[in-house]
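Report on one structure; see the data block that follows.
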There are 2 protein chains.
Amino acid sequence: VTAGRPTAALLVTGQELLLGLVADANTRCLARDLDALGIDLRRVGIVGDGHDEIVTGLRELAGHDLVITSGGLGPTHDDRTVAAVAEVAGAELVLDEELLAQIAAITAEYARRRGADPALNRDGDRKQALVPRGATAIPPAGTAPGLLLAHGDGHVLVLPGPPREFAAVWRSALELAPLRALRARAGPLLRHTLRVYGAGEPAVARAFAAAGGDGGGTRTTICARLLEVEVTVRAEPERQAALDGLIAGLREQLGDAVYAEDERPLAEHVLAALRARGLRLAVGESCTAGLVAARLADIPGASDVLLGGVIAYANEVKRSLLGVSEAILAEHGAVSEPVARAMALGVRQSLGVDAALAITGIAGPSGGTAEKPVGTVWIALHLRDNANTVLLRLWGDRTEIRQRAAQGALNLLRRALIAEG
Amino acid sequence: VTAGRPTAALLVTGQELLLGLVADANTRCLARDLDALGIDLRRVGIVGDGHDEIVTGLRELAGHDLVITSGGLGPTHDDRTVAAVAEVAGAELVLDEELLAQIAAITAEYARRRGADPALNRDGDRKQALVPRGATAIPPAGTAPGLLLAHGDGHVLVLPGPPREFAAVWRSALELAPLRALRARAGPLLRHTLRVYGAGEPAVARAFAAAGGDGGGTRTTICARLLEVEVTVRAEPERQAALDGLIAGLREQLGDAVYAEDERPLAEHVLAALRARGLRLAVGESCTAGLVAARLADIPGASDVLLGGVIAYANEVKRSLLGVSEAILAEHGAVSEPVARAMALGVRQSLGVDAALAITGIAGPSGGTAEKPVGTVWIALHLRDNANTVLLRLWGDRTEIRQRAAQGALNLLRRALIAEG
């Protein structure tokens, strides 16, 4: 909690959230943005679709500079957020003719694509064009417009629930005069993130203490993820020197376990490092079964680096497509250093690349032994003329072990590229 | 909202959630369980780590049969949930010696594995063994115990924040007498889920109306996911006939767009159908780059069905490993029906299976043309002696298009298996 900074609260509406049918995806997106803008998100409430629930939720969250709502803007009677906001603000609902024309044009186009009758949308269009008197409508990113309304000393911002629409209308809202004024009042907060791989949360906490901690007025959060730890240091602008000093200290303590100082995923860093060196990558995946390639391919532009690979889930594919010999498989077992090494070599030769990663492991829940328990994962890397392997002993359920193995493979590649210089 | 059913509320604590550093993973897990038990989750609040915030949050959520908290149970001073609960309940904090011994044994084992001094944990152990007088401690799944405490006419259940620990301690809590009593009072709710692929939300809404809607006392939620729509019909036990009638009507309206009537993922259904027929599967993936195989491999036991495949991200891999001819690639382009077909045939022959799926598409953001816009995806299936293709025109960002393409591929396989009989 930062004295003097504007504050915000979020009310998420939707019975489907309280039934566990979907997970709330908007809070995190909004929270990151607000923090970067220097606006304190103090509270989030999740309520159902009922009018009274929404009204109660809004009343409890009153008193913030900005109260944001998510959801309940659809064309049907059980979308009640606008009516609830109007009641709390004491504003009557009026039809916005210009907005109605915008919405009708959008829903008519949807109807046309589906071959449906646009007249069927008429009631829904009108319902979505009802706005509290005095509110500013924000053009829809789907069919639901956003709304910004002055209330008390602050504003209520009404956003649609579907995450893509929520994000788009939120971005538009940020350009409206009242939000520009709020942002100006907030002023940016200093924020610096270190992303750490290969050091656990306790080790990072010790590094943080050794680097002087938050004594200089910074505020640090240490957050464990899959196989990484994210350290976020935040400070008021006048604490720039303290923030810089702490970051420098953390870098010194953590060394090359720090793999990034931005929010780009590890896959994106790896692709960039390969691209810079003119290298192309192929993968041979057993237990991860395509996860490493899929993560890389999720980054736009991956195709100039990622060639492809082989999903060698069964041993017969390790033999037939990757040339792993029956003898190695029989002697060492599929989850072993020699097999990982042979897989990397096989995919490297088969695809003719200078960088090849291979992963073989036991994701569980069955298949573990005393010698090779569930979570045992061998990763091999061939990079130009060097081969490199690592043994991970992972924990968690099947999904987590596979995700962590993929992350571990990308990190092995990252470190090898750094070591090249 | 169901009159007469027990109600619950959840308070999630953690500044990291309000900063957007992590997403709340516990609400959905808990919400599903509560709904299945017939307990109405009415509200969720998310607050930071401050004592006053937690106290205020607890006070606002009072009046429910069960108030659950998540997070804030760690060994350090900024984990304040137990103290806040004690204050709200008017109970003093006392040291639970038996619990202390349990916790100390756990943290000593962690310290031993890391080669650290267990004495360093002493303060933290004691902090975590402080409980409000009269509370029942629930053994930790990590280091933090859960707590159950009577308060007013209901109970407060304190659970740790890390999702795995949250779920484990929650399961233990369900066996305590007060929660058994609450479950008995609730009685199970009838719930039936239809999962629909290939019909949009409006079409499902029309089918719902045509099947009679909720007129018989059911409560239906229609929820759009990636490429599927989930229809959940809930009812009190005495409405069994109405629920059965509505489900039957929906099945009739939606036909074989209904792919499942349980919560298992599509990949699990596809694996089961292949297993039942003694078929093994291989994949050739371009734009999805391993997603289809990775999704299948996420299901325990996938290895008896999924053999593996080829990630043919670049055209040279389509040629070299899948035998797609240069001529076909040149004439039709990589994203085309003939190439998808040739990829499926190639992987089928290369891996010697009776079922092969291939996917080639334009995931964007660049690479689209007027004729083949971003989102154009061809999927081909070879199943025994039959070949089958489908063209998807998908929307969304790169990640969504790739996820939807993977889902579409699994669904093509599902329908072909059904059509076999």
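A note on labels: chains of the structure tokens are A, B, ... as shown, every chain counts residues from 1, and ligands are counted from 1 in their shown order.
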Just the alpha helix (DSSP H) stuff from segment 116-198 of chain A, please, per backbone DSSP, written as a list in words.
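Selecting the alpha helix (DSSP H) positions of segment 116-198 of chain A gives Arg122, Asp123, Gly124, Asp125, Arg126, Lys127, Gln128, Pro163, Arg164, Glu165, Phe166, Ala167, Ala168, Val169, Trp170, Arg171, Ser172, Ala173, Ala177, Pro178, Leu179, Arg180, Ala181, Leu182, Arg183, Ala184, Arg185 and Ala186 of chain A.
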Can you write out the residues you just picked, keeping N, CA and C atoms, as a JSON list (two decimals), in the first residue's frame?
```
[["chain", "number", "residue", "atom", "x", "y", "z"],
["A", 122, "ARG", "N", -32.52, -7.47, -32.32],
["A", 122, "ARG", "CA", -32.95, -6.11, -32.03],
["A", 122, "ARG", "C", -33.06, -5.81, -30.54],
["A", 123, "ASP", "N", -33.70, -6.74, -29.80],
["A", 123, "ASP", "CA", -33.85, -6.50, -28.35],
["A", 123, "ASP", "C", -32.50, -6.45, -27.66],
["A", 124, "GLY", "N", -31.63, -7.39, -28.05],
["A", 124, "GLY", "CA", -30.30, -7.43, -27.44],
["A", 124, "GLY", "C", -29.51, -6.17, -27.74],
["A", 125, "ASP", "N", -29.60, -5.68, -28.97],
["A", 125, "ASP", "CA", -28.89, -4.45, -29.34],
["A", 125, "ASP", "C", -29.33, -3.29, -28.46],
["A", 126, "ARG", "N", -30.65, -3.17, -28.30],
["A", 126, "ARG", "CA", -31.18, -2.06, -27.50],
["A", 126, "ARG", "C", -30.74, -2.19, -26.04],
["A", 127, "LYS", "N", -30.77, -3.41, -25.55],
["A", 127, "LYS", "CA", -30.36, -3.63, -24.16],
["A", 127, "LYS", "C", -28.90, -3.20, -23.97],
["A", 128, "GLN", "N", -28.06, -3.53, -24.94],
["A", 128, "GLN", "CA", -26.64, -3.19, -24.78],
["A", 128, "GLN", "C", -26.36, -1.70, -25.02],
["A", 163, "PRO", "N", -12.08, -12.08, -21.91],
["A", 163, "PRO", "CA", -10.74, -11.49, -21.71],
["A", 163, "PRO", "C", -10.23, -10.63, -22.86],
["A", 164, "ARG", "N", -10.46, -11.05, -24.10],
["A", 164, "ARG", "CA", -9.96, -10.26, -25.21],
["A", 164, "ARG", "C", -10.68, -8.91, -25.26],
["A", 165, "GLU", "N", -12.01, -8.94, -25.06],
["A", 165, "GLU", "CA", -12.78, -7.69, -25.07],
["A", 165, "GLU", "C", -12.42, -6.82, -23.87],
["A", 166, "PHE", "N", -12.25, -7.48, -22.72],
["A", 166, "PHE", "CA", -11.87, -6.76, -21.51],
["A", 166, "PHE", "C", -10.59, -5.97, -21.75],
["A", 167, "ALA", "N", -9.59, -6.64, -22.30],
["A", 167, "ALA", "CA", -8.29, -6.00, -22.50],
["A", 167, "ALA", "C", -8.39, -4.87, -23.52],
["A", 168, "ALA", "N", -9.15, -5.09, -24.59],
["A", 168, "ALA", "CA", -9.23, -4.08, -25.65],
["A", 168, "ALA", "C", -9.97, -2.83, -25.16],
["A", 169, "VAL", "N", -11.09, -3.02, -24.49],
["A", 169, "VAL", "CA", -11.87, -1.86, -24.02],
["A", 169, "VAL", "C", -11.09, -1.13, -22.91],
["A", 170, "TRP", "N", -10.39, -1.89, -22.09],
["A", 170, "TRP", "CA", -9.54, -1.29, -21.05],
["A", 170, "TRP", "C", -8.48, -0.39, -21.68],
["A", 171, "ARG", "N", -7.85, -0.87, -22.74],
["A", 171, "ARG", "CA", -6.84, -0.04, -23.41],
["A", 171, "ARG", "C", -7.45, 1.24, -23.97],
["A", 172, "SER", "N", -8.65, 1.13, -24.54],
["A", 172, "SER", "CA", -9.32, 2.35, -25.03],
["A", 172, "SER", "C", -9.65, 3.29, -23.88],
["A", 173, "ALA", "N", -10.12, 2.71, -22.77],
["A", 173, "ALA", "CA", -10.54, 3.55, -21.64],
["A", 173, "ALA", "C", -9.38, 4.39, -21.11],
["A", 177, "ALA", "N", -10.24, 11.18, -20.91],
["A", 177, "ALA", "CA", -9.69, 12.27, -20.08],
["A", 177, "ALA", "C", -9.62, 11.93, -18.59],
["A", 178, "PRO", "N", -10.70, 11.35, -17.99],
["A", 178, "PRO", "CA", -10.60, 11.10, -16.53],
["A", 178, "PRO", "C", -9.50, 10.09, -16.20],
["A", 179, "LEU", "N", -9.29, 9.12, -17.08],
["A", 179, "LEU", "CA", -8.22, 8.15, -16.78],
["A", 179, "LEU", "C", -6.85, 8.72, -17.09],
["A", 180, "ARG", "N", -6.78, 9.60, -18.08],
["A", 180, "ARG", "CA", -5.51, 10.29, -18.30],
["A", 180, "ARG", "C", -5.13, 11.12, -17.08],
["A", 181, "ALA", "N", -6.14, 11.78, -16.52],
["A", 181, "ALA", "CA", -5.87, 12.61, -15.33],
["A", 181, "ALA", "C", -5.42, 11.74, -14.16],
["A", 182, "LEU", "N", -6.07, 10.60, -14.00],
["A", 182, "LEU", "CA", -5.70, 9.69, -12.91],
["A", 182, "LEU", "C", -4.28, 9.19, -13.10],
["A", 183, "ARG", "N", -3.94, 8.85, -14.34],
["A", 183, "ARG", "CA", -2.59, 8.36, -14.62],
["A", 183, "ARG", "C", -1.55, 9.44, -14.35],
["A", 184, "ALA", "N", -1.91, 10.68, -14.72],
["A", 184, "ALA", "CA", -0.97, 11.79, -14.49],
["A", 184, "ALA", "C", -0.74, 11.97, -12.99],
["A", 185, "ARG", "N", -1.85, 11.86, -12.23],
["A", 185, "ARG", "CA", -1.74, 12.01, -10.77],
["A", 185, "ARG", "C", -0.90, 10.88, -10.19],
["A", 186, "ALA", "N", -1.08, 9.67, -10.73],
["A", 186, "ALA", "CA", -0.36, 8.51, -10.20],
["A", 186, "ALA", "C", 1.13, 8.66, -10.47]]
```
Report as CSV the residues of chain A within 6 Å of chain B, each with its shortest atom pair and distance in Å (one decimal), using only C-alpha atoms, ordered by chain and increasing residue number.
```
residue,atom,partner,partner_atom,distance
A:Leu18,CA,B:Ala31,CA,5.6
A:Leu19,CA,B:Ala31,CA,5.1
A:Gly20,CA,B:Arg28,CA,4.3
A:Ala23,CA,B:Arg28,CA,5.7
A:Arg28,CA,B:Gly20,CA,4.3
A:Ala31,CA,B:Gly20,CA,4.5
A:Arg32,CA,B:Gly20,CA,4.6
A:Asp35,CA,B:Leu19,CA,6.0
A:Leu41,CA,B:Leu18,CA,5.8
A:Arg43,CA,B:Val47,CA,5.1
A:Val44,CA,B:Ile46,CA,4.9
A:Gly45,CA,B:Gly45,CA,4.5
A:Ile46,CA,B:Val44,CA,4.9
A:Val47,CA,B:Arg43,CA,5.1
A:Ala289,CA,B:Ala294,CA,4.9
A:Gly290,CA,B:Gly290,CA,3.8
A:Leu291,CA,B:Ala294,CA,5.6
A:Ala293,CA,B:Ala289,CA,5.8
A:Ala294,CA,B:Ala289,CA,4.9
A:Asp298,CA,B:Thr399,CA,6.0
A:Leu307,CA,B:Ala314,CA,5.1
A:Gly308,CA,B:Ile311,CA,4.7
A:Gly309,CA,B:Ile311,CA,4.8
A:Val310,CA,B:Val310,CA,4.6
A:Ile311,CA,B:Gly308,CA,4.8
A:Ala312,CA,B:Gly308,CA,5.0
A:Tyr313,CA,B:Gly308,CA,4.8
A:Ala314,CA,B:Leu307,CA,5.0
A:Thr399,CA,B:Asp298,CA,6.0
```
Residue subset to file, keeping N, CA and C atoms, as a CSV table (one decimal), in the first residue's frame:
```
chain,number,residue,atom,x,y,z
A,18,LEU,N,-18.3,-18.5,-9.9
A,18,LEU,CA,-18.6,-19.1,-8.6
A,18,LEU,C,-19.0,-20.5,-8.6
A,19,LEU,N,-19.3,-21.0,-9.8
A,19,LEU,CA,-19.5,-22.4,-10.0
A,19,LEU,C,-18.2,-23.2,-10.5
A,20,GLY,N,-17.2,-22.4,-10.7
A,20,GLY,CA,-15.9,-23.0,-11.1
A,20,GLY,C,-15.9,-23.5,-12.5
A,23,ALA,N,-12.2,-19.9,-15.0
A,23,ALA,CA,-11.3,-19.2,-14.1
A,23,ALA,C,-11.3,-17.7,-14.5
A,28,ARG,N,-5.6,-10.7,-13.3
A,28,ARG,CA,-4.2,-10.6,-13.5
A,28,ARG,C,-3.7,-9.6,-14.5
A,31,ALA,N,-4.4,-6.1,-13.1
A,31,ALA,CA,-3.5,-5.9,-11.9
A,31,ALA,C,-2.1,-5.5,-12.4
A,32,ARG,N,-1.6,-6.2,-13.4
A,32,ARG,CA,-0.2,-5.8,-13.9
A,32,ARG,C,-0.2,-4.4,-14.5
A,35,ASP,N,-0.5,-1.7,-11.8
A,35,ASP,CA,0.7,-1.5,-11.0
A,35,ASP,C,1.7,-0.8,-11.8
A,41,LEU,N,-4.1,-1.4,-6.9
A,41,LEU,CA,-5.3,-2.2,-6.9
A,41,LEU,C,-5.4,-2.8,-5.5
A,43,ARG,N,-8.4,-4.2,-3.9
A,43,ARG,CA,-9.3,-5.3,-3.6
A,43,ARG,C,-9.9,-5.8,-4.9
A,44,VAL,N,-10.3,-7.0,-4.9
A,44,VAL,CA,-11.0,-7.6,-6.0
A,44,VAL,C,-12.2,-8.4,-5.3
A,45,GLY,N,-13.4,-8.2,-5.9
A,45,GLY,CA,-14.5,-9.0,-5.4
A,45,GLY,C,-15.1,-9.8,-6.6
A,46,ILE,N,-15.5,-11.0,-6.3
A,46,ILE,CA,-16.2,-11.8,-7.4
A,46,ILE,C,-17.6,-12.1,-6.9
A,47,VAL,N,-18.6,-11.8,-7.6
A,47,VAL,CA,-20.0,-12.0,-7.2
A,47,VAL,C,-20.7,-12.7,-8.4
A,289,ALA,N,6.8,-34.6,-25.3
A,289,ALA,CA,5.9,-34.9,-26.4
A,289,ALA,C,5.5,-33.7,-27.2
A,290,GLY,N,6.4,-32.7,-27.5
A,290,GLY,CA,6.0,-31.6,-28.3
A,290,GLY,C,5.9,-30.3,-27.6
A,291,LEU,N,6.0,-30.3,-26.2
A,291,LEU,CA,5.8,-29.1,-25.5
A,291,LEU,C,6.9,-28.1,-25.7
A,293,ALA,N,8.8,-27.6,-28.5
A,293,ALA,CA,8.5,-27.0,-29.8
A,293,ALA,C,7.3,-26.1,-29.8
A,294,ALA,N,6.3,-26.6,-29.1
A,294,ALA,CA,5.0,-25.8,-29.0
A,294,ALA,C,5.2,-24.5,-28.3
A,298,ASP,N,4.9,-20.8,-30.1
A,298,ASP,CA,4.0,-19.8,-29.7
A,298,ASP,C,4.4,-18.4,-29.8
A,307,LEU,N,13.1,-25.3,-36.7
A,307,LEU,CA,12.8,-26.1,-37.9
A,307,LEU,C,11.8,-27.1,-37.7
A,308,GLY,N,11.8,-27.8,-36.6
A,308,GLY,CA,10.8,-28.8,-36.2
A,308,GLY,C,11.5,-29.9,-35.4
A,309,GLY,N,11.0,-31.1,-35.5
A,309,GLY,CA,11.6,-32.2,-34.7
A,309,GLY,C,10.8,-33.4,-34.7
A,310,VAL,N,11.2,-34.3,-33.8
A,310,VAL,CA,10.5,-35.6,-33.7
A,310,VAL,C,10.0,-35.8,-32.3
A,311,ILE,N,8.7,-36.2,-32.3
A,311,ILE,CA,8.1,-36.6,-31.0
A,311,ILE,C,8.3,-38.1,-30.9
A,312,ALA,N,9.3,-38.5,-30.1
A,312,ALA,CA,9.6,-39.9,-30.0
A,312,ALA,C,9.1,-40.4,-28.7
A,313,TYR,N,7.8,-40.5,-28.6
A,313,TYR,CA,7.2,-40.9,-27.4
A,313,TYR,C,7.4,-42.4,-27.1
A,314,ALA,N,7.3,-43.2,-28.1
A,314,ALA,CA,7.5,-44.6,-28.0
A,314,ALA,C,9.0,-44.9,-28.4
A,399,THR,N,1.5,-33.1,-15.4
A,399,THR,CA,1.5,-31.9,-16.1
A,399,THR,C,2.7,-31.0,-15.7
```
Would you mind listing what lies within 9 Å of segment 376-378 of chain A as a PyMOL selection string, with only C-alpha atoms counted and same-chain residues fewer than 4 positions away left out?
chain A and resi 287+335-337+339-341+358-363+368+372+389-395+401+405
From a DSSP pass on the backbone, collect the residues of segment 218-247 of chain A flagged as strand (DSSP E or B) and hand them back as a list in words.
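Those in segment 218-247 of chain A that DSSP calls strand (DSSP E or B) are Arg219, Thr220, Thr221, Ile222, Cys223, Ala224, Glu228, Val229, Glu230, Val231, Thr232, Val233, Arg234 and Ala235 of chain A.
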I need the residues from that last selection saved to file as a PDB file, in the first residue's frame (with N, CA and C atoms), if you can.
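The result, written out as out_22.pdb:
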```pdb
ATOM      1  N   ARG A 219      10.200  -1.993  -2.575  1.00  0.00           N
ATOM      2  CA  ARG A 219       9.240  -3.022  -2.153  1.00  0.00           C
ATOM      3  C   ARG A 219       9.415  -4.209  -3.092  1.00  0.00           C
ATOM      4  N   THR A 220       9.849  -5.306  -2.526  1.00  0.00           N
ATOM      5  CA  THR A 220      10.233  -6.445  -3.354  1.00  0.00           C
ATOM      6  C   THR A 220       9.287  -7.618  -3.147  1.00  0.00           C
ATOM      7  N   THR A 221       8.911  -8.252  -4.242  1.00  0.00           N
ATOM      8  CA  THR A 221       8.096  -9.459  -4.194  1.00  0.00           C
ATOM      9  C   THR A 221       8.883 -10.590  -4.813  1.00  0.00           C
ATOM     10  N   ILE A 222       8.931 -11.728  -4.131  1.00  0.00           N
ATOM     11  CA  ILE A 222       9.629 -12.908  -4.643  1.00  0.00           C
ATOM     12  C   ILE A 222       8.581 -13.981  -4.894  1.00  0.00           C
ATOM     13  N   CYS A 223       8.466 -14.389  -6.141  1.00  0.00           N
ATOM     14  CA  CYS A 223       7.357 -15.231  -6.542  1.00  0.00           C
ATOM     15  C   CYS A 223       7.871 -16.473  -7.268  1.00  0.00           C
ATOM     16  N   ALA A 224       7.566 -17.663  -6.744  1.00  0.00           N
ATOM     17  CA  ALA A 224       8.022 -18.890  -7.401  1.00  0.00           C
ATOM     18  C   ALA A 224       7.035 -19.302  -8.490  1.00  0.00           C
ATOM     19  N   GLU A 228      11.021 -21.404 -12.155  1.00  0.00           N
ATOM     20  CA  GLU A 228      11.736 -20.148 -12.031  1.00  0.00           C
ATOM     21  C   GLU A 228      11.204 -19.355 -10.858  1.00  0.00           C
ATOM     22  N   VAL A 229      11.962 -18.335 -10.495  1.00  0.00           N
ATOM     23  CA  VAL A 229      11.538 -17.417  -9.448  1.00  0.00           C
ATOM     24  C   VAL A 229      11.572 -16.019 -10.055  1.00  0.00           C
ATOM     25  N   GLU A 230      10.504 -15.261  -9.817  1.00  0.00           N
ATOM     26  CA  GLU A 230      10.449 -13.907 -10.356  1.00  0.00           C
ATOM     27  C   GLU A 230      10.599 -12.936  -9.197  1.00  0.00           C
ATOM     28  N   VAL A 231      11.578 -12.045  -9.315  1.00  0.00           N
ATOM     29  CA  VAL A 231      11.817 -11.037  -8.287  1.00  0.00           C
ATOM     30  C   VAL A 231      11.402  -9.693  -8.866  1.00  0.00           C
ATOM     31  N   THR A 232      10.410  -9.059  -8.254  1.00  0.00           N
ATOM     32  CA  THR A 232       9.964  -7.758  -8.735  1.00  0.00           C
ATOM     33  C   THR A 232      10.263  -6.714  -7.670  1.00  0.00           C
ATOM     34  N   VAL A 233      11.045  -5.731  -8.042  1.00  0.00           N
ATOM     35  CA  VAL A 233      11.386  -4.652  -7.118  1.00  0.00           C
ATOM     36  C   VAL A 233      10.648  -3.407  -7.588  1.00  0.00           C
ATOM     37  N   ARG A 234       9.888  -2.798  -6.692  1.00  0.00           N
ATOM     38  CA  ARG A 234       9.118  -1.613  -7.036  1.00  0.00           C
ATOM     39  C   ARG A 234       9.534  -0.480  -6.102  1.00  0.00           C
ATOM     40  N   ALA A 235       9.456   0.731  -6.597  1.00  0.00           N
ATOM     41  CA  ALA A 235       9.844   1.871  -5.758  1.00  0.00           C
ATOM     42  C   ALA A 235       9.235   3.145  -6.325  1.00  0.00           C
TER      43      ALA A 235
END
```
Near-Ala86 of chain A list (9 Å; only C-alpha atoms; drop same-chain fewer than 5 positions) as a PyMOL selection string:
chain A and resi 81+91-93+131-133
Which polymer residues have any atom within 8 Å of an atom of segment 236-241 of chain A, counting only C-alpha atoms, with same-chain residues fewer than 4 positions away left out, as a list in words?
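So the residues in contact are Pro188, Leu189, Leu190, Gly216, Gly217, Thr218 and Gly245 of chain A.
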Those same residues - all heavy atoms - I'd like them written as a PDB file, in the first residue's frame.
```pdb
ATOM      1  N   PRO A 188       4.306   7.308 -12.928  1.00  0.00           N
ATOM      2  CA  PRO A 188       4.735   5.921 -13.018  1.00  0.00           C
ATOM      3  C   PRO A 188       5.486   5.501 -11.764  1.00  0.00           C
ATOM      4  O   PRO A 188       6.111   6.310 -11.092  1.00  0.00           O
ATOM      5  CB  PRO A 188       5.667   5.916 -14.232  1.00  0.00           C
ATOM      6  CG  PRO A 188       6.154   7.321 -14.327  1.00  0.00           C
ATOM      7  CD  PRO A 188       5.059   8.206 -13.808  1.00  0.00           C
ATOM      8  N   LEU A 189       5.381   4.239 -11.490  1.00  0.00           N
ATOM      9  CA  LEU A 189       6.115   3.634 -10.393  1.00  0.00           C
ATOM     10  C   LEU A 189       7.352   3.012 -11.017  1.00  0.00           C
ATOM     11  O   LEU A 189       7.303   2.505 -12.136  1.00  0.00           O
ATOM     12  CB  LEU A 189       5.214   2.550  -9.808  1.00  0.00           C
ATOM     13  CG  LEU A 189       5.500   1.976  -8.447  1.00  0.00           C
ATOM     14  CD1 LEU A 189       5.321   3.033  -7.375  1.00  0.00           C
ATOM     15  CD2 LEU A 189       4.522   0.825  -8.200  1.00  0.00           C
ATOM     16  N   LEU A 190       8.467   3.028 -10.333  1.00  0.00           N
ATOM     17  CA  LEU A 190       9.631   2.295 -10.827  1.00  0.00           C
ATOM     18  C   LEU A 190       9.398   0.812 -10.581  1.00  0.00           C
ATOM     19  O   LEU A 190       8.962   0.415  -9.504  1.00  0.00           O
ATOM     20  CB  LEU A 190      10.895   2.742 -10.100  1.00  0.00           C
ATOM     21  CG  LEU A 190      11.227   4.227 -10.179  1.00  0.00           C
ATOM     22  CD1 LEU A 190      12.489   4.512  -9.368  1.00  0.00           C
ATOM     23  CD2 LEU A 190      11.405   4.661 -11.631  1.00  0.00           C
ATOM     24  N   GLY A 216      16.287   0.355   1.622  1.00  0.00           N
ATOM     25  CA  GLY A 216      16.371   1.658   0.968  1.00  0.00           C
ATOM     26  C   GLY A 216      15.043   2.207   0.497  1.00  0.00           C
ATOM     27  O   GLY A 216      15.003   3.198  -0.227  1.00  0.00           O
ATOM     28  N   GLY A 217      13.930   1.539   0.868  1.00  0.00           N
ATOM     29  CA  GLY A 217      12.623   2.063   0.483  1.00  0.00           C
ATOM     30  C   GLY A 217      12.031   1.391  -0.745  1.00  0.00           C
ATOM     31  O   GLY A 217      11.011   1.847  -1.266  1.00  0.00           O
ATOM     32  N   THR A 218      12.648   0.321  -1.189  1.00  0.00           N
ATOM     33  CA  THR A 218      12.045  -0.449  -2.282  1.00  0.00           C
ATOM     34  C   THR A 218      10.997  -1.396  -1.696  1.00  0.00           C
ATOM     35  O   THR A 218      10.921  -1.586  -0.484  1.00  0.00           O
ATOM     36  CB  THR A 218      13.124  -1.278  -3.009  1.00  0.00           C
ATOM     37  OG1 THR A 218      13.861  -2.014  -2.008  1.00  0.00           O
ATOM     38  CG2 THR A 218      14.080  -0.381  -3.776  1.00  0.00           C
ATOM     39  N   GLY A 245      20.535   0.047  -6.772  1.00  0.00           N
ATOM     40  CA  GLY A 245      21.500  -0.620  -5.905  1.00  0.00           C
ATOM     41  C   GLY A 245      21.064  -2.036  -5.566  1.00  0.00           C
ATOM     42  O   GLY A 245      21.866  -2.984  -5.606  1.00  0.00           O
TER      43      GLY A 245
END
```
Need to verify the contact set: Thr136 of chain B, 7 Å, only C-alpha atoms, exclusion of same-chain residues closer than 2 positions in sequence. Can you return it as an mmCIF file with all heavy atoms, in the first residue's frame?
```cif
data_model
loop_
_atom_site.group_PDB
_atom_site.id
_atom_site.type_symbol
_atom_site.label_atom_id
_atom_site.label_comp_id
_atom_site.auth_asym_id
_atom_site.auth_seq_id
_atom_site.Cartn_x
_atom_site.Cartn_y
_atom_site.Cartn_z
ATOM 1 N N GLY B 134 -9.114 -23.137 20.471
ATOM 2 C CA GLY B 134 -10.345 -23.833 20.078
ATOM 3 C C GLY B 134 -10.347 -24.298 18.631
ATOM 4 O O GLY B 134 -11.239 -25.031 18.222
ATOM 5 N N ILE B 138 -5.280 -28.864 10.888
ATOM 6 C CA ILE B 138 -5.332 -29.887 9.845
ATOM 7 C C ILE B 138 -3.898 -30.075 9.354
ATOM 8 O O ILE B 138 -3.233 -29.091 9.017
ATOM 9 C CB ILE B 138 -6.247 -29.435 8.688
ATOM 10 C CG1 ILE B 138 -7.616 -29.008 9.238
ATOM 11 C CG2 ILE B 138 -6.395 -30.547 7.649
ATOM 12 C CD1 ILE B 138 -8.437 -28.194 8.252
ATOM 13 N N LEU B 147 -6.616 -24.756 9.367
ATOM 14 C CA LEU B 147 -7.302 -24.576 10.643
ATOM 15 C C LEU B 147 -8.793 -24.509 10.404
ATOM 16 O O LEU B 147 -9.235 -23.918 9.416
ATOM 17 C CB LEU B 147 -6.873 -23.251 11.297
ATOM 18 C CG LEU B 147 -5.406 -23.102 11.709
ATOM 19 C CD1 LEU B 147 -5.132 -21.665 12.122
ATOM 20 C CD2 LEU B 147 -5.089 -24.064 12.846
ATOM 21 N N LEU B 148 -9.529 -25.122 11.326
ATOM 22 C CA LEU B 148 -10.988 -24.997 11.266
ATOM 23 C C LEU B 148 -11.449 -24.461 12.614
ATOM 24 O O LEU B 148 -11.065 -24.978 13.667
ATOM 25 C CB LEU B 148 -11.642 -26.351 10.971
ATOM 26 C CG LEU B 148 -13.163 -26.310 10.848
ATOM 27 C CD1 LEU B 148 -13.595 -25.502 9.615
ATOM 28 C CD2 LEU B 148 -13.740 -27.724 10.759
ATOM 29 N N LEU B 149 -12.284 -23.427 12.555
ATOM 30 C CA LEU B 149 -12.639 -22.688 13.757
ATOM 31 C C LEU B 149 -14.118 -22.336 13.696
ATOM 32 O O LEU B 149 -14.586 -21.818 12.688
ATOM 33 C CB LEU B 149 -11.797 -21.404 13.769
ATOM 34 C CG LEU B 149 -11.912 -20.450 14.942
ATOM 35 C CD1 LEU B 149 -11.381 -21.108 16.208
ATOM 36 C CD2 LEU B 149 -11.116 -19.182 14.636
#
```
For Glu97 of chain A, list every protein, DNA or RNA residue within 10 Å, evaluated using only C-alpha atoms, and leave out those in the same chain fewer than 4 positions away; present the list as a list in words.
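Near neighbours after the sequence-gap exclusion: Ala101, Gln102, Ile103, Arg126, Ala129 and Leu130 of chain A.
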